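For reference, work_22.pdb (PDB, C-alpha atoms):
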```
MODEL        1
ATOM      1  CA  MET A 127       0.000   0.000   0.000
ATOM      2  CA  SER A 128       2.960   2.329   0.233
ATOM      3  CA  ARG A 129       2.913   2.905  -3.527
ATOM      4  CA  SER A 130      -0.833   3.365  -3.945
ATOM      5  CA  ARG A 131      -1.949   6.801  -5.100
ATOM      6  CA  LYS A 132      -5.258   8.534  -5.734
ATOM      7  CA  LYS A 133      -6.416   8.987  -9.311
ATOM      8  CA  ASN A 134      -7.976  12.419  -8.822
ATOM      9  CA  PRO A 135      -6.239  15.230  -6.978
ATOM     10  CA  VAL A 136      -9.535  16.508  -5.542
ATOM     11  CA  THR A 137      -9.711  16.851  -1.799
ATOM     12  CA  THR A 138     -12.037  18.378   0.781
ATOM     13  CA  TYR A 139     -11.224  21.201   3.133
ATOM     14  CA  CYS A 140     -12.729  22.777   6.179
ATOM     15  CA  ALA A 141     -10.751  25.943   6.329
ATOM     16  CA  GLN A 142     -13.054  28.098   8.389
ATOM     17  CA  THR A 143     -15.711  27.615  11.004
ATOM     18  CA  GLN A 144     -19.415  27.991  10.290
ATOM     19  CA  LYS A 145     -20.125  29.590  13.642
ATOM     20  CA  MET A 146     -20.742  33.114  12.344
ATOM     21  CA  ASP A 147     -22.985  31.883   9.522
ATOM     22  CA  LYS A 148     -25.063  29.819  11.931
ATOM     23  CA  ARG A 149     -25.295  32.761  14.306
ATOM     24  CA  TRP A 150     -26.410  35.098  11.506
ATOM     25  CA  CYS A 151     -28.952  32.594  10.201
ATOM     26  CA  ASN A 152     -30.557  32.042  13.610
ATOM     27  CA  ARG A 153     -30.695  35.782  14.297
ATOM     28  CA  ALA A 154     -32.415  36.366  10.950
ATOM     29  CA  PHE A 155     -34.800  33.505  11.689
ATOM     30  CA  ARG A 156     -35.805  34.961  15.053
ATOM     31  CA  LYS A 157     -36.176  38.438  13.544
ATOM     32  CA  LEU A 158     -38.487  37.115  10.831
ATOM     33  CA  GLU A 159     -40.507  35.223  13.458
ATOM     34  CA  ARG A 160     -41.010  38.396  15.494
ATOM     35  CA  GLN A 161     -42.039  40.379  12.421
ATOM     36  CA  ASN A 162     -44.499  37.716  11.282
ATOM     37  CA  LEU A 163     -46.022  37.474  14.763
ATOM     38  CA  ARG A 164     -46.692  41.230  14.765
ATOM     39  CA  ILE A 165     -48.232  41.200  11.286
ATOM     40  CA  GLY A 166     -50.138  37.932  11.712
ATOM     41  CA  ARG A 167     -48.489  35.931   8.933
ATOM     42  CA  ALA A 168     -47.497  32.285   9.068
ATOM     43  CA  LEU A 169     -44.269  31.622  10.929
ATOM     44  CA  PRO A 170     -41.246  30.068   9.217
ATOM     45  CA  MET A 171     -40.725  26.448  10.238
ATOM     46  CA  LYS A 172     -37.034  25.888   9.544
ATOM     47  CA  THR A 173     -33.908  28.002   9.221
ATOM     48  CA  ILE A 174     -33.426  26.699   5.668
ATOM     49  CA  GLU A 175     -36.238  29.077   4.666
ATOM     50  CA  ILE A 176     -33.923  31.952   5.659
ATOM     51  CA  GLN A 177     -30.581  30.803   4.255
ATOM     52  CA  ASP A 178     -29.388  27.658   2.529
ATOM     53  CA  THR A 179     -26.919  25.783   4.734
ATOM     54  CA  TRP A 180     -24.903  24.744   1.679
ATOM     55  CA  GLY A 181     -23.897  28.376   1.248
ATOM     56  CA  PHE A 182     -22.057  28.532   4.563
ATOM     57  CA  VAL A 183     -18.291  28.974   4.547
ATOM     58  CA  GLY A 184     -15.960  26.220   5.592
ATOM     59  CA  ASP A 185     -16.977  23.253   3.466
ATOM     60  CA  GLY A 186     -15.947  22.451  -0.028
ATOM     61  CA  LYS A 187     -13.653  20.714  -2.431
ATOM     62  CA  TRP A 188     -10.673  21.908  -4.384
ATOM     63  CA  ARG A 189      -8.350  20.504  -7.002
ATOM     64  CA  CYS A 190      -4.706  20.268  -6.039
ATOM     65  CA  THR A 191      -2.104  20.948  -8.718
ATOM     66  CA  PRO A 192       1.364  19.339  -8.835
ATOM     67  CA  ASP A 193       3.035  22.664  -8.063
ATOM     68  CA  ASN A 194       1.318  22.747  -4.655
ATOM     69  CA  ASP A 195       3.500  22.038  -1.613
ATOM     70  CA  TYR A 196       1.091  19.423  -0.247
ATOM     71  CA  TYR A 197       0.527  17.563  -3.518
ATOM     72  CA  GLU A 198       2.410  14.381  -2.512
ATOM     73  CA  LYS A 199       0.652  14.230   0.841
ATOM     74  CA  ILE A 200      -2.781  14.716  -0.717
ATOM     75  CA  MET A 201      -2.238  12.076  -3.399
ATOM     76  CA  ARG A 202      -1.370   9.357  -0.864
ATOM     77  CA  LYS A 203      -4.184   7.101   0.257
TER      78      LYS A 203
ENDMDL
END
```
Once more with this new file: its structure as structure tokens, please.
Amino acid sequence: MSRSRKKNPVTTYCAQTQKMDKRWCNRAFRKLERQNLRIGRALPMKTIEIQDTWGFVGDGKWRCTPDNDYYEKIMRK
């Protein structure tokens, strides 16, 4: 297994935390709830109605090129 390598140089990263995005989303959710209670509209049920969780920072994939310093480490299994 020491010579086995990945075929695709695509890897995941979690560079940043999602704490601020979650905080902003919940604040917006509570604000919209308060506004809808005052007006008499239907309340939102989930935070996904406010912001899509896939748009938060911190998750994703990227393609590593051979000129990257970590290329050998990423290509190992």
Would you compute the distance between atom CA of Pro170 of chain A and atom CA of Arg149 of chain A? Give it in Å to one decimal.
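Distance between the two atoms: 17.0 Å.
For the pair atom CA of Lys199 of chain A and atom CA of Lys133 of chain A, the interatomic distance is 13.4 Å.
When atom CA of Leu169 of chain A is paired with atom CA of Phe182 of chain A, their separation reads 23.3 Å.
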Which is closer to Lys187 of chain A than all the others in A:Ala154, A:Val136, A:Met171, A:Ile165, using all atoms listed in the file?
A:Val136
As a count of residues only, please: the residues near Lys148 of chain A (cut-off 9 Å, all atoms listed in the file, same-chain neighbours under 4 positions excluded).
5
Looking at all atoms listed in the file, which of A:Lys132, A:Phe155, A:Met146, A:Tyr197 is the one that sits closest to Ile174 of chain A?
A:Phe155
Counting only C-alpha atoms, which residue out of A:Arg156, A:Thr191, A:Arg202, A:Gly186 sits closest to Gln142 of chain A?
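Residue with the minimum atom-to-atom distance to Gln142 of chain A: A:Gly186.
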Between A:Pro135, A:Gly166, A:Lys145, A:Arg129, which residue has the minimum interatomic distance to Asp193 of chain A, considering only C-alpha atoms?
A:Pro135
